[in-house]
Number of protein chains: 2
Amino acid sequence: MNMNITAYPTADAAPSAIDADLALVIDTLRMTSVAATALANGCAGLLAVETVDEARELAPRHGSLLGGERGGTRVDGFDLGNSPIEYTVGRVSGKSLVVTTTNGTRAVAKARSSRRVWLASLLNARAVADRLRSSGFGGVAMICAGTQGMFSMEDALTAGAIIHRLDGMASMDDFAQACMILYGSLRHDLTAALRGASHAKRLASLGFARDVEFCLREDSLEAIPALGGDGWFVLL
Amino acid sequence: MNMNITAYPTADAAPSAIDADLALVIDTLRMTSVAATALANGCAGLLAVETVDEARELAPRHGSLLGGERGGTRVDGFDLGNSPIEYTVGRVSGKSLVVTTTNGTRAVAKARSSRRVWLASLLNARAVADRLRSSGFGGVAMICAGTQGMFSMEDALTAGAIIHRLDGMASMDDFAQACMILYGSLRHDLTAALRGASHAKRLASLGFARDVEFCLREDSLEAIPALGGDGWFVLL
């Protein structure tokens with residue numbers, strides 16, 4: 001069985017009904033890194049919603065913590081922002097989370113028509129690749145969330161990191177090939193590579209340089225958030 | 001004066017009103033390669049229109065040749081298809097052309113709101129870069145046409161080829177950086193790089209392998225098609 005990877009440079013570039021065995025949503029700075037960290041630290045389930053109002057309405061109904069950002073910073077009255085380092089065992093273990101973020105949540109909405117949806121980041125790139133290798137999946141869509149409709153370097157590098165770890169077992173469309181080549185060129189110093197990247201620079205200017213550093217820790221987590229039938233992300 | 005380059009992976013990804021000193025439209029396979037070749041071979045002016053009907057209506061009104069493709073091949077009744085090698089001195093010298101193509105024409109429509117619009121390809125990458133270096137332009141948008149809404153490797157490589165030839169004089173957004181890195185990785189053998197690229201493979205399967213080879217001749221033309229006030233592309 002041959003695996004075919006189709007990759008999209010932004011959520012907007014992905015068609016509204018993706019027909020794939022698996023859609024991988026990639027929003028490395030920071031939503032998909034937050035999700036992997038939260039589940040690794042014992043969070044019981046994570047619901048990603050598009051609007052702040054929806055999040056505020058659903059969290060009390062499920063007894064969930066509220067997390068997420070608008071303009072990069074924590075929404076007023078929310079328990080948690082969009083920094084993975086906030087999502088510690090002490091804060092999230094045994095609890096459920098309702099989150100809303102600008103770019104990642106929109107990419108999740110595009111992914112829902114696929115048979116499976118997982119959340120990928122540099123943190124779990126090796127874990128995702130390992131599961132893909134034994135999956136038998138035919139069509140895999142990689143949706144790079146991007147930033148406000150624009151291509152983001154860190155998402156393309158994450159797609160490339162996963163493809164790189166597949167050791168040539170998949171055929172790829174042009175953008176998936178491009179991601180693999182970018183990762184191959186930059187992987188020896190991702191920190192330097194992101195120094196000129198717009199989203200990483202913006203986060204640093206907002207005081208989130210430690211988040212960027214954290215999100216670059218490749219292969220540090222085994223956790224893969226996978227969408228369940230009830231709409232919540234849980235550990236695969 | 002610092003030059004800022006913003007690059008778009010597809011025509012769809014570009015906003016509908018780009019506000020730039022210059023928009024470079026890149027449809028390397030094959031529309032922008034055709035345009036440079038035609039003007040280099042003495043074509044008096046080239047009008048790019050979106051529909052076959054419009055092309056059929058306008059060409060006789062201007063006494064122009066009709067050129068272009070649908071599904072890769074020449075439109076029924078047109079004088080010329082979308083192969084740059086057809087646009088010889090014998091065919092086009094002293095004549096005007098009305099052309100319509102699938103992807104390139106849509107990218108031109110997106111570019112029209114900019115103060116200047118040029119057509120770029122690998123054929124005129126050096127010529128475009130040389131003009132940019134002495135231009136004093138601030139904002140430059142590079143619109144990769146892509147193929148049916150998808151990222152195309154050859155357009156990204158062309159953007160990268162131009163940026164590479166600017167020798168670090170411009171600041172770049174993430175996608176422009178990605179194009180430069182891709183080109184840096186693949187430039188020593190573009191033919192091999194495009195062997196796995198979807199658009200090049202499709203053209204080869206339609207019998208246009210010679211076109212692909214022709215369009216990869218970097219820096220072989222000085223001609224830069226530039227949009228005039230009357231809507232026609234002429235030599236810059």
# chains A, B, ... in the order shown; residues from 1 in each chain; ligands from 1
call {"tool": "select_by_dssp", "arguments": {"residues": "range 67-170 of chain B", "states": "helix (DSSP H, G or I)", "output": "ChimeraX atom specification"}}
result
/B:84-86,89-92,104-111,125-133,153-164
call {"tool": "residues_around", "arguments": {"residues": "Gly196 in chain A", "least_positions_apart": "6", "cutoff": "10 Å", "atoms": "only C-alpha atoms", "output": "short mmCIF file (atom, residue, chain, number, x, y, z; two decimals) with N, CA, C and O atoms, in the first residue's frame"}}
result
data_model
loop_
_atom_site.label_atom_id
_atom_site.label_comp_id
_atom_site.auth_asym_id
_atom_site.auth_seq_id
_atom_site.Cartn_x
_atom_site.Cartn_y
_atom_site.Cartn_z
N MET A 153 6.82 29.49 8.22
CA MET A 153 7.98 28.61 8.10
C MET A 153 7.92 27.43 9.07
O MET A 153 8.23 26.29 8.70
N SER B 171 14.55 42.30 2.35
CA SER B 171 14.01 41.51 3.45
C SER B 171 12.81 40.73 2.91
O SER B 171 12.16 41.15 1.94
N MET B 172 12.54 39.61 3.53
CA MET B 172 11.59 38.65 2.95
C MET B 172 10.62 38.14 3.99
O MET B 172 10.98 37.98 5.15
N ASP B 173 9.41 37.83 3.55
CA ASP B 173 8.50 37.11 4.44
C ASP B 173 8.85 35.62 4.39
O ASP B 173 9.78 35.21 3.69
N ASP B 174 8.12 34.83 5.18
CA ASP B 174 8.48 33.41 5.32
C ASP B 174 8.47 32.66 4.00
O ASP B 174 9.36 31.85 3.73
N GLN B 177 11.46 33.51 1.88
CA GLN B 177 12.63 32.81 2.43
C GLN B 177 12.63 31.34 2.01
O GLN B 177 13.67 30.78 1.64
#
call {"tool": "residues_around", "arguments": {"residues": "range 34-50 of chain A", "least_positions_apart": "3", "cutoff": "8 Å", "atoms": "only C-alpha atoms", "output": "number ranges by chain"}}
result
A: 30-31, 54-55, 82-84, 87-89, 92-102, 105-106, 108, 119-121, 123-124, 221-225, 231-235
call {"tool": "closest_atom_pairs", "arguments": {"of": "chain A", "to": "chain B", "cutoff": "10 Å", "atoms": "only C-alpha atoms", "output": "JSON lines"}}
result
{"residue": "A:Thr6", "atom": "CA", "partner": "B:Met150", "partner_atom": "CA", "distance": 9.9}
{"residue": "A:Ala7", "atom": "CA", "partner": "B:Phe151", "partner_atom": "CA", "distance": 9.1}
{"residue": "A:Tyr8", "atom": "CA", "partner": "B:Met150", "partner_atom": "CA", "distance": 7.9}
{"residue": "A:Pro9", "atom": "CA", "partner": "B:Pro9", "partner_atom": "CA", "distance": 7.5}
{"residue": "A:Thr10", "atom": "CA", "partner": "B:Ala13", "partner_atom": "CA", "distance": 8.5}
{"residue": "A:Asp12", "atom": "CA", "partner": "B:Ala13", "partner_atom": "CA", "distance": 7.7}
{"residue": "A:Ala13", "atom": "CA", "partner": "B:Ala13", "partner_atom": "CA", "distance": 6.9}
{"residue": "A:Ala14", "atom": "CA", "partner": "B:Met150", "partner_atom": "CA", "distance": 9.0}
{"residue": "A:Pro15", "atom": "CA", "partner": "B:Gly149", "partner_atom": "CA", "distance": 9.5}
{"residue": "A:Gly149", "atom": "CA", "partner": "B:Ala13", "partner_atom": "CA", "distance": 7.5}
{"residue": "A:Met150", "atom": "CA", "partner": "B:Ala13", "partner_atom": "CA", "distance": 7.7}
{"residue": "A:Phe151", "atom": "CA", "partner": "B:Phe175", "partner_atom": "CA", "distance": 6.0}
{"residue": "A:Ser152", "atom": "CA", "partner": "B:Asp174", "partner_atom": "CA", "distance": 6.0}
{"residue": "A:Met153", "atom": "CA", "partner": "B:Asp174", "partner_atom": "CA", "distance": 5.6}
{"residue": "A:Glu154", "atom": "CA", "partner": "B:Asp174", "partner_atom": "CA", "distance": 9.1}
{"residue": "A:Ala156", "atom": "CA", "partner": "B:Ala178", "partner_atom": "CA", "distance": 9.0}
{"residue": "A:Leu157", "atom": "CA", "partner": "B:Ala178", "partner_atom": "CA", "distance": 9.9}
{"residue": "A:Ser171", "atom": "CA", "partner": "B:Gly196", "partner_atom": "CA", "distance": 9.4}
{"residue": "A:Met172", "atom": "CA", "partner": "B:Gly196", "partner_atom": "CA", "distance": 8.6}
{"residue": "A:Asp173", "atom": "CA", "partner": "B:Ser198", "partner_atom": "CA", "distance": 6.7}
{"residue": "A:Asp174", "atom": "CA", "partner": "B:Met153", "partner_atom": "CA", "distance": 5.6}
{"residue": "A:Phe175", "atom": "CA", "partner": "B:Phe151", "partner_atom": "CA", "distance": 6.0}
{"residue": "A:Ala176", "atom": "CA", "partner": "B:Phe151", "partner_atom": "CA", "distance": 9.6}
{"residue": "A:Gln177", "atom": "CA", "partner": "B:Met153", "partner_atom": "CA", "distance": 8.4}
{"residue": "A:Ala178", "atom": "CA", "partner": "B:Leu182", "partner_atom": "CA", "distance": 6.9}
{"residue": "A:Cys179", "atom": "CA", "partner": "B:Ala178", "partner_atom": "CA", "distance": 8.9}
{"residue": "A:Met180", "atom": "CA", "partner": "B:Leu182", "partner_atom": "CA", "distance": 9.9}
{"residue": "A:Ile181", "atom": "CA", "partner": "B:Leu182", "partner_atom": "CA", "distance": 6.7}
{"residue": "A:Leu182", "atom": "CA", "partner": "B:Leu182", "partner_atom": "CA", "distance": 6.4}
{"residue": "A:Tyr183", "atom": "CA", "partner": "B:Ile181", "partner_atom": "CA", "distance": 10.0}
{"residue": "A:Gly184", "atom": "CA", "partner": "B:Ser185", "partner_atom": "CA", "distance": 9.1}
{"residue": "A:Ser185", "atom": "CA", "partner": "B:Ser185", "partner_atom": "CA", "distance": 7.2}
{"residue": "A:Leu186", "atom": "CA", "partner": "B:Ile181", "partner_atom": "CA", "distance": 8.8}
{"residue": "A:Ala193", "atom": "CA", "partner": "B:Gln177", "partner_atom": "CA", "distance": 9.8}
{"residue": "A:Leu194", "atom": "CA", "partner": "B:Asp174", "partner_atom": "CA", "distance": 9.3}
{"residue": "A:Gly196", "atom": "CA", "partner": "B:Asp174", "partner_atom": "CA", "distance": 7.8}
{"residue": "A:Ala197", "atom": "CA", "partner": "B:Asp174", "partner_atom": "CA", "distance": 5.6}
{"residue": "A:Ser198", "atom": "CA", "partner": "B:Asp174", "partner_atom": "CA", "distance": 6.4}
{"residue": "A:His199", "atom": "CA", "partner": "B:Asp174", "partner_atom": "CA", "distance": 8.8}
call {"tool": "atom_distance", "arguments": {"atom1": "CA of Glu218 in chain A", "atom2": "CA of Arg165 in chain A"}}
result
11.6 Å
call {"tool": "residues_around", "arguments": {"residues": "Ile162 in chain A", "least_positions_apart": "2", "cutoff": "7 Å", "atoms": "only C-alpha atoms", "output": "NGL selection string"}}
result
:A and (125-126 or 128-129 or 158-160 or 164-166)
call {"tool": "select_by_dssp", "arguments": {"residues": "range 10-211 of chain A", "states": "strand (DSSP E or B)", "output": "ChimeraX atom specification"}}
result
/A:22-26,45-48,65-70,73-74,80,96-100,117-120,139-144,147,150,170-172
call {"tool": "write_last_selection", "arguments": {"atoms": "N, CA and C atoms", "output": "mmCIF file, in the first residue's frame"}}
result
data_model
loop_
_atom_site.group_PDB
_atom_site.id
_atom_site.type_symbol
_atom_site.label_atom_id
_atom_site.label_comp_id
_atom_site.auth_asym_id
_atom_site.auth_seq_id
_atom_site.Cartn_x
_atom_site.Cartn_y
_atom_site.Cartn_z
ATOM 1 N N LEU A 22 -6.296 10.321 6.685
ATOM 2 C CA LEU A 22 -5.849 11.076 7.857
ATOM 3 C C LEU A 22 -5.565 12.513 7.450
ATOM 4 N N ALA A 23 -6.052 13.461 8.238
ATOM 5 C CA ALA A 23 -5.616 14.852 8.101
ATOM 6 C C ALA A 23 -4.765 15.186 9.318
ATOM 7 N N LEU A 24 -3.539 15.629 9.056
ATOM 8 C CA LEU A 24 -2.652 16.094 10.121
ATOM 9 C C LEU A 24 -2.747 17.605 10.165
ATOM 10 N N VAL A 25 -3.177 18.150 11.290
ATOM 11 C CA VAL A 25 -3.211 19.605 11.434
ATOM 12 C C VAL A 25 -1.933 20.050 12.138
ATOM 13 N N ILE A 26 -1.277 21.040 11.537
ATOM 14 C CA ILE A 26 0.020 21.511 12.044
ATOM 15 C C ILE A 26 -0.058 23.006 12.337
ATOM 16 N N GLY A 45 -9.091 15.559 27.897
ATOM 17 C CA GLY A 45 -9.665 15.756 26.571
ATOM 18 C C GLY A 45 -9.660 17.238 26.238
ATOM 19 N N LEU A 46 -9.584 17.529 24.932
ATOM 20 C CA LEU A 46 -9.446 18.917 24.507
ATOM 21 C C LEU A 46 -10.416 19.181 23.354
ATOM 22 N N LEU A 47 -11.205 20.231 23.495
ATOM 23 C CA LEU A 47 -12.167 20.609 22.469
ATOM 24 C C LEU A 47 -11.689 21.923 21.846
ATOM 25 N N ALA A 48 -11.532 21.930 20.511
ATOM 26 C CA ALA A 48 -11.075 23.149 19.824
ATOM 27 C C ALA A 48 -12.274 23.816 19.161
ATOM 28 N N LEU A 65 -11.558 23.597 31.811
ATOM 29 C CA LEU A 65 -10.758 24.812 31.833
ATOM 30 C C LEU A 65 -10.885 25.501 30.470
ATOM 31 N N LEU A 66 -10.729 26.826 30.475
ATOM 32 C CA LEU A 66 -10.788 27.616 29.243
ATOM 33 C C LEU A 66 -9.382 28.035 28.840
ATOM 34 N N GLY A 67 -9.000 27.756 27.600
ATOM 35 C CA GLY A 67 -7.669 28.157 27.146
ATOM 36 C C GLY A 67 -7.715 28.769 25.765
ATOM 37 N N GLY A 68 -6.682 29.558 25.444
ATOM 38 C CA GLY A 68 -6.589 30.084 24.086
ATOM 39 C C GLY A 68 -6.167 31.536 24.035
ATOM 40 N N GLU A 69 -6.070 32.038 22.799
ATOM 41 C CA GLU A 69 -5.575 33.397 22.606
ATOM 42 C C GLU A 69 -6.352 34.131 21.532
ATOM 43 N N ARG A 70 -6.236 35.420 21.581
ATOM 44 C CA ARG A 70 -6.588 36.306 20.470
ATOM 45 C C ARG A 70 -5.468 37.344 20.393
ATOM 46 N N THR A 73 -2.241 36.762 22.809
ATOM 47 C CA THR A 73 -2.271 36.759 24.276
ATOM 48 C C THR A 73 -3.585 36.170 24.798
ATOM 49 N N ARG A 74 -3.520 35.739 26.088
ATOM 50 C CA ARG A 74 -4.658 35.073 26.721
ATOM 51 C C ARG A 74 -5.922 35.914 26.647
ATOM 52 N N LEU A 80 -6.228 29.801 30.953
ATOM 53 C CA LEU A 80 -4.917 29.573 30.356
ATOM 54 C C LEU A 80 -4.834 30.296 29.016
ATOM 55 N N SER A 96 -10.544 18.511 31.666
ATOM 56 C CA SER A 96 -10.761 18.718 30.237
ATOM 57 C C SER A 96 -10.567 20.194 29.915
ATOM 58 N N LEU A 97 -10.306 20.461 28.642
ATOM 59 C CA LEU A 97 -9.968 21.815 28.195
ATOM 60 C C LEU A 97 -10.815 22.208 26.993
ATOM 61 N N VAL A 98 -11.352 23.409 26.998
ATOM 62 C CA VAL A 98 -11.942 23.981 25.784
ATOM 63 C C VAL A 98 -11.016 25.107 25.335
ATOM 64 N N VAL A 99 -10.493 25.001 24.099
ATOM 65 C CA VAL A 99 -9.536 26.011 23.621
ATOM 66 C C VAL A 99 -10.012 26.657 22.322
ATOM 67 N N THR A 100 -9.623 27.894 22.144
ATOM 68 C CA THR A 100 -9.864 28.580 20.867
ATOM 69 C C THR A 100 -8.617 29.387 20.526
ATOM 70 N N VAL A 117 -8.326 12.692 12.295
ATOM 71 C CA VAL A 117 -7.633 13.973 12.437
ATOM 72 C C VAL A 117 -6.678 13.876 13.619
ATOM 73 N N TRP A 118 -5.393 14.123 13.349
ATOM 74 C CA TRP A 118 -4.401 14.168 14.424
ATOM 75 C C TRP A 118 -3.773 15.568 14.426
ATOM 76 N N LEU A 119 -3.220 15.936 15.573
ATOM 77 C CA LEU A 119 -2.527 17.222 15.687
ATOM 78 C C LEU A 119 -1.025 16.982 15.784
ATOM 79 N N ALA A 120 -0.284 17.636 14.890
ATOM 80 C CA ALA A 120 1.163 17.391 14.822
ATOM 81 C C ALA A 120 1.941 18.670 15.081
ATOM 82 N N GLY A 139 -4.182 7.918 1.657
ATOM 83 C CA GLY A 139 -4.112 9.372 1.505
ATOM 84 C C GLY A 139 -3.926 10.089 2.834
ATOM 85 N N VAL A 140 -2.862 10.874 2.927
ATOM 86 C CA VAL A 140 -2.612 11.672 4.124
ATOM 87 C C VAL A 140 -2.540 13.138 3.716
ATOM 88 N N ALA A 141 -3.370 13.980 4.336
ATOM 89 C CA ALA A 141 -3.323 15.424 4.089
ATOM 90 C C ALA A 141 -2.605 16.092 5.252
ATOM 91 N N MET A 142 -1.663 16.980 4.926
ATOM 92 C CA MET A 142 -0.988 17.760 5.971
ATOM 93 C C MET A 142 -1.432 19.207 5.808
ATOM 94 N N ILE A 143 -2.154 19.713 6.794
ATOM 95 C CA ILE A 143 -2.659 21.083 6.707
ATOM 96 C C ILE A 143 -1.813 21.977 7.598
ATOM 97 N N CYS A 144 -0.944 22.757 6.974
ATOM 98 C CA CYS A 144 -0.182 23.751 7.733
ATOM 99 C C CYS A 144 -1.145 24.904 8.014
ATOM 100 N N THR A 147 -0.292 31.571 9.367
ATOM 101 C CA THR A 147 -0.576 32.672 10.278
ATOM 102 C C THR A 147 -1.377 33.720 9.531
ATOM 103 N N MET A 150 -1.319 33.450 5.867
ATOM 104 C CA MET A 150 -0.011 33.415 5.216
ATOM 105 C C MET A 150 0.763 32.155 5.621
ATOM 106 N N ALA A 170 6.740 7.448 1.383
ATOM 107 C CA ALA A 170 5.518 8.060 0.841
ATOM 108 C C ALA A 170 5.809 8.770 -0.474
ATOM 109 N N SER A 171 4.797 8.826 -1.358
ATOM 110 C CA SER A 171 4.903 9.751 -2.486
ATOM 111 C C SER A 171 4.267 11.075 -2.074
ATOM 112 N N MET A 172 4.746 12.144 -2.674
ATOM 113 C CA MET A 172 4.420 13.475 -2.188
ATOM 114 C C MET A 172 4.006 14.391 -3.313
#
call {"tool": "atom_distance", "arguments": {"atom1": "CA of Asn2 in chain B", "atom2": "CA of Ser114 in chain B"}}
result
18.0 Å
call {"tool": "decode", "arguments": {"residues": "range 190-202 of chain A", "atoms": "all heavy atoms", "output": "mmCIF file, in the first residue's frame"}}
result
data_model
loop_
_atom_site.group_PDB
_atom_site.id
_atom_site.type_symbol
_atom_site.label_atom_id
_atom_site.label_comp_id
_atom_site.auth_asym_id
_atom_site.auth_seq_id
_atom_site.Cartn_x
_atom_site.Cartn_y
_atom_site.Cartn_z
ATOM 1 N N LEU A 190 17.320 24.723 13.779
ATOM 2 C CA LEU A 190 15.959 25.258 13.626
ATOM 3 C C LEU A 190 15.814 26.607 14.335
ATOM 4 O O LEU A 190 15.060 27.471 13.887
ATOM 5 C CB LEU A 190 14.926 24.272 14.161
ATOM 6 C CG LEU A 190 14.767 22.953 13.390
ATOM 7 C CD1 LEU A 190 13.684 22.096 14.042
ATOM 8 C CD2 LEU A 190 14.421 23.209 11.926
ATOM 9 N N THR A 191 16.524 26.780 15.440
ATOM 10 C CA THR A 191 16.450 28.052 16.162
ATOM 11 C C THR A 191 16.905 29.193 15.252
ATOM 12 O O THR A 191 16.238 30.227 15.153
ATOM 13 C CB THR A 191 17.324 27.995 17.427
ATOM 14 O OG1 THR A 191 16.915 26.855 18.190
ATOM 15 C CG2 THR A 191 17.165 29.255 18.258
ATOM 16 N N ALA A 192 18.030 28.990 14.588
ATOM 17 C CA ALA A 192 18.524 30.017 13.664
ATOM 18 C C ALA A 192 17.550 30.188 12.506
ATOM 19 O O ALA A 192 17.275 31.308 12.070
ATOM 20 C CB ALA A 192 19.910 29.632 13.148
ATOM 21 N N ALA A 193 17.003 29.072 12.019
ATOM 22 C CA ALA A 193 16.088 29.134 10.876
ATOM 23 C C ALA A 193 14.864 29.979 11.199
ATOM 24 O O ALA A 193 14.351 30.701 10.348
ATOM 25 C CB ALA A 193 15.661 27.722 10.467
ATOM 26 N N LEU A 194 14.392 29.887 12.443
ATOM 27 C CA LEU A 194 13.182 30.629 12.805
ATOM 28 C C LEU A 194 13.478 32.053 13.256
ATOM 29 O O LEU A 194 12.550 32.830 13.469
ATOM 30 C CB LEU A 194 12.392 29.887 13.878
ATOM 31 C CG LEU A 194 11.630 28.648 13.385
ATOM 32 C CD1 LEU A 194 10.654 28.173 14.425
ATOM 33 C CD2 LEU A 194 10.876 28.943 12.080
ATOM 34 N N ARG A 195 14.749 32.388 13.372
ATOM 35 C CA ARG A 195 15.077 33.750 13.819
ATOM 36 C C ARG A 195 14.516 34.786 12.850
ATOM 37 O O ARG A 195 14.121 35.875 13.260
ATOM 38 C CB ARG A 195 16.601 33.882 13.967
ATOM 39 C CG ARG A 195 17.018 34.853 15.041
ATOM 40 C CD ARG A 195 18.489 34.674 15.398
ATOM 41 N NE ARG A 195 18.727 33.598 16.336
ATOM 42 C CZ ARG A 195 19.760 32.746 16.320
ATOM 43 N NH1 ARG A 195 20.680 32.846 15.365
ATOM 44 N NH2 ARG A 195 19.887 31.809 17.219
ATOM 45 N N GLY A 196 14.469 34.457 11.565
ATOM 46 C CA GLY A 196 13.934 35.392 10.584
ATOM 47 C C GLY A 196 12.478 35.136 10.215
ATOM 48 O O GLY A 196 11.938 35.787 9.334
ATOM 49 N N ALA A 197 11.844 34.191 10.904
ATOM 50 C CA ALA A 197 10.465 33.823 10.550
ATOM 51 C C ALA A 197 9.481 34.754 11.256
ATOM 52 O O ALA A 197 9.646 35.073 12.436
ATOM 53 C CB ALA A 197 10.198 32.375 10.930
ATOM 54 N N SER A 198 8.463 35.154 10.524
ATOM 55 C CA SER A 198 7.634 36.257 11.025
ATOM 56 C C SER A 198 6.856 35.904 12.289
ATOM 57 O O SER A 198 6.753 36.724 13.209
ATOM 58 C CB SER A 198 6.676 36.720 9.931
ATOM 59 O OG SER A 198 5.810 35.669 9.582
ATOM 60 N N HIS A 199 6.310 34.687 12.368
ATOM 61 C CA HIS A 199 5.488 34.355 13.528
ATOM 62 C C HIS A 199 6.359 34.231 14.782
ATOM 63 O O HIS A 199 5.988 34.709 15.862
ATOM 64 C CB HIS A 199 4.718 33.061 13.261
ATOM 65 C CG HIS A 199 3.573 32.831 14.192
ATOM 66 N ND1 HIS A 199 2.723 31.771 14.090
ATOM 67 C CD2 HIS A 199 3.144 33.530 15.272
ATOM 68 C CE1 HIS A 199 1.812 31.821 15.041
ATOM 69 N NE2 HIS A 199 2.053 32.882 15.774
ATOM 70 N N ALA A 200 7.531 33.603 14.636
ATOM 71 C CA ALA A 200 8.434 33.464 15.779
ATOM 72 C C ALA A 200 8.904 34.845 16.257
ATOM 73 O O ALA A 200 8.973 35.115 17.465
ATOM 74 C CB ALA A 200 9.629 32.592 15.393
ATOM 75 N N LYS A 201 9.189 35.729 15.305
ATOM 76 C CA LYS A 201 9.622 37.093 15.686
ATOM 77 C C LYS A 201 8.510 37.819 16.428
ATOM 78 O O LYS A 201 8.743 38.514 17.418
ATOM 79 C CB LYS A 201 10.010 37.902 14.437
ATOM 80 C CG LYS A 201 11.395 37.560 13.910
ATOM 81 C CD LYS A 201 11.914 38.620 12.939
ATOM 82 C CE LYS A 201 11.155 38.592 11.628
ATOM 83 N NZ LYS A 201 11.777 39.426 10.595
ATOM 84 N N ARG A 202 7.281 37.656 15.936
ATOM 85 C CA ARG A 202 6.159 38.334 16.569
ATOM 86 C C ARG A 202 5.940 37.803 17.986
ATOM 87 O O ARG A 202 5.718 38.575 18.919
ATOM 88 C CB ARG A 202 4.898 38.148 15.713
ATOM 89 C CG ARG A 202 3.681 38.802 16.312
ATOM 90 C CD ARG A 202 2.636 39.175 15.294
ATOM 91 N NE ARG A 202 1.421 39.535 16.016
ATOM 92 C CZ ARG A 202 0.551 38.641 16.489
ATOM 93 N NH1 ARG A 202 0.763 37.346 16.287
ATOM 94 N NH2 ARG A 202 -0.505 39.048 17.158
#
